[in-house]
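K.L.:
One structure, pasted below without further comment.
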Amino acid sequence: MATTVHLRFETKAKLDELKRHPRESYDEVVSRLADAAYDDEPLSEEEIEAIRRGEEDIRAGRLRSLREVMRDLDDDVARWERSPDAEFVPLPE
């Protein structure tokens, strides 16, 4: 079953740019976009709660800059490298 859809010229131009090949139909383009927009793995309640806690941490100022985290990671790596138990595994070529 076919139907007529009215689009602004700008919208049609965007759909034209999204075509994977010149002969791809508008139906195929719109279907692909709709499929991409559908979330087939929605967030669990636990994930949503973890996001809420993270947002609260940000509002409360409980956060660290990337620079701080990287400095701490560098310290951990340096400490590990000085450890007598450290093993270095050569990377494959």
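Note on naming: chains are A, B, ... as they come in the structure tokens, residues start from 1 per chain, ligands start from 1 in the order shown.
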Just the alpha helix (DSSP H) stuff from stretch 4-82 of chain A, please, per backbone DSSP, written as a PDB file with C-alpha atoms, in the first residue's frame.

P.N.:
```
ATOM      1  CA  PHE A   9      12.103  20.962  -0.260  1.00  0.00           C
ATOM      2  CA  GLU A  10      14.772  21.134   2.465  1.00  0.00           C
ATOM      3  CA  THR A  11      13.606  17.823   3.932  1.00  0.00           C
ATOM      4  CA  LYS A  12      13.639  16.134   0.528  1.00  0.00           C
ATOM      5  CA  ALA A  13      17.156  17.461  -0.055  1.00  0.00           C
ATOM      6  CA  LYS A  14      18.267  15.928   3.264  1.00  0.00           C
ATOM      7  CA  LEU A  15      16.735  12.587   2.283  1.00  0.00           C
ATOM      8  CA  ASP A  16      18.519  12.779  -1.061  1.00  0.00           C
ATOM      9  CA  GLU A  17      21.836  13.253   0.761  1.00  0.00           C
ATOM     10  CA  LEU A  18      21.118  10.253   2.991  1.00  0.00           C
ATOM     11  CA  TYR A  26      12.701   7.269  -0.206  1.00  0.00           C
ATOM     12  CA  ASP A  27      10.819   4.427   1.476  1.00  0.00           C
ATOM     13  CA  GLU A  28      14.110   2.598   2.000  1.00  0.00           C
ATOM     14  CA  VAL A  29      15.800   5.742   3.350  1.00  0.00           C
ATOM     15  CA  VAL A  30      12.983   6.526   5.774  1.00  0.00           C
ATOM     16  CA  SER A  31      12.745   2.880   6.870  1.00  0.00           C
ATOM     17  CA  ARG A  32      16.504   2.769   7.532  1.00  0.00           C
ATOM     18  CA  LEU A  33      16.313   6.001   9.562  1.00  0.00           C
ATOM     19  CA  ALA A  34      13.344   4.694  11.564  1.00  0.00           C
ATOM     20  CA  ASP A  35      15.189   1.432  12.284  1.00  0.00           C
ATOM     21  CA  ALA A  36      18.248   3.377  13.442  1.00  0.00           C
ATOM     22  CA  ALA A  37      16.125   5.514  15.770  1.00  0.00           C
ATOM     23  CA  GLU A  45      16.181   0.275  35.766  1.00  0.00           C
ATOM     24  CA  GLU A  46      19.628  -0.280  37.307  1.00  0.00           C
ATOM     25  CA  GLU A  47      21.306   1.643  34.476  1.00  0.00           C
ATOM     26  CA  ILE A  48      18.818   4.497  34.772  1.00  0.00           C
ATOM     27  CA  GLU A  49      19.418   4.659  38.533  1.00  0.00           C
ATOM     28  CA  ALA A  50      23.204   4.692  37.991  1.00  0.00           C
ATOM     29  CA  ILE A  51      22.799   7.612  35.582  1.00  0.00           C
ATOM     30  CA  ARG A  52      20.669   9.481  38.152  1.00  0.00           C
ATOM     31  CA  ARG A  53      23.326   8.916  40.830  1.00  0.00           C
ATOM     32  CA  GLY A  54      26.002  10.172  38.444  1.00  0.00           C
ATOM     33  CA  GLU A  55      23.987  13.296  37.669  1.00  0.00           C
ATOM     34  CA  GLU A  56      23.541  13.920  41.400  1.00  0.00           C
ATOM     35  CA  ASP A  57      27.302  13.518  41.902  1.00  0.00           C
ATOM     36  CA  ILE A  58      27.900  16.137  39.208  1.00  0.00           C
ATOM     37  CA  ARG A  59      25.405  18.575  40.774  1.00  0.00           C
ATOM     38  CA  LEU A  66      40.212  14.003  33.045  1.00  0.00           C
ATOM     39  CA  ARG A  67      43.632  15.440  33.891  1.00  0.00           C
ATOM     40  CA  GLU A  68      43.326  14.174  37.491  1.00  0.00           C
ATOM     41  CA  VAL A  69      42.222  10.715  36.406  1.00  0.00           C
ATOM     42  CA  MET A  70      45.022  10.434  33.848  1.00  0.00           C
ATOM     43  CA  ARG A  71      47.592  11.565  36.426  1.00  0.00           C
ATOM     44  CA  ASP A  72      46.354   8.902  38.851  1.00  0.00           C
ATOM     45  CA  LEU A  73      46.460   6.244  36.136  1.00  0.00           C
ATOM     46  CA  ASP A  74      49.998   7.259  35.242  1.00  0.00           C
ATOM     47  CA  ASP A  75      50.941   6.955  38.924  1.00  0.00           C
ATOM     48  CA  ASP A  76      49.387   3.472  39.066  1.00  0.00           C
ATOM     49  CA  VAL A  77      51.222   2.374  35.923  1.00  0.00           C
ATOM     50  CA  ALA A  78      54.531   3.773  37.202  1.00  0.00           C
ATOM     51  CA  ARG A  79      54.026   1.991  40.544  1.00  0.00           C
ATOM     52  CA  TRP A  80      53.217  -1.256  38.720  1.00  0.00           C
ATOM     53  CA  GLU A  81      56.298  -0.912  36.493  1.00  0.00           C
ATOM     54  CA  ARG A  82      58.509  -0.561  39.587  1.00  0.00           C
TER      55      ARG A  82
END
```

K.L.:
Could you tell me how far atom CA of A:Glu41 sits from atom CA of A:Arg20, in Å to one decimal place?

P.N.:
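These two atoms are separated by 25.6 Å.
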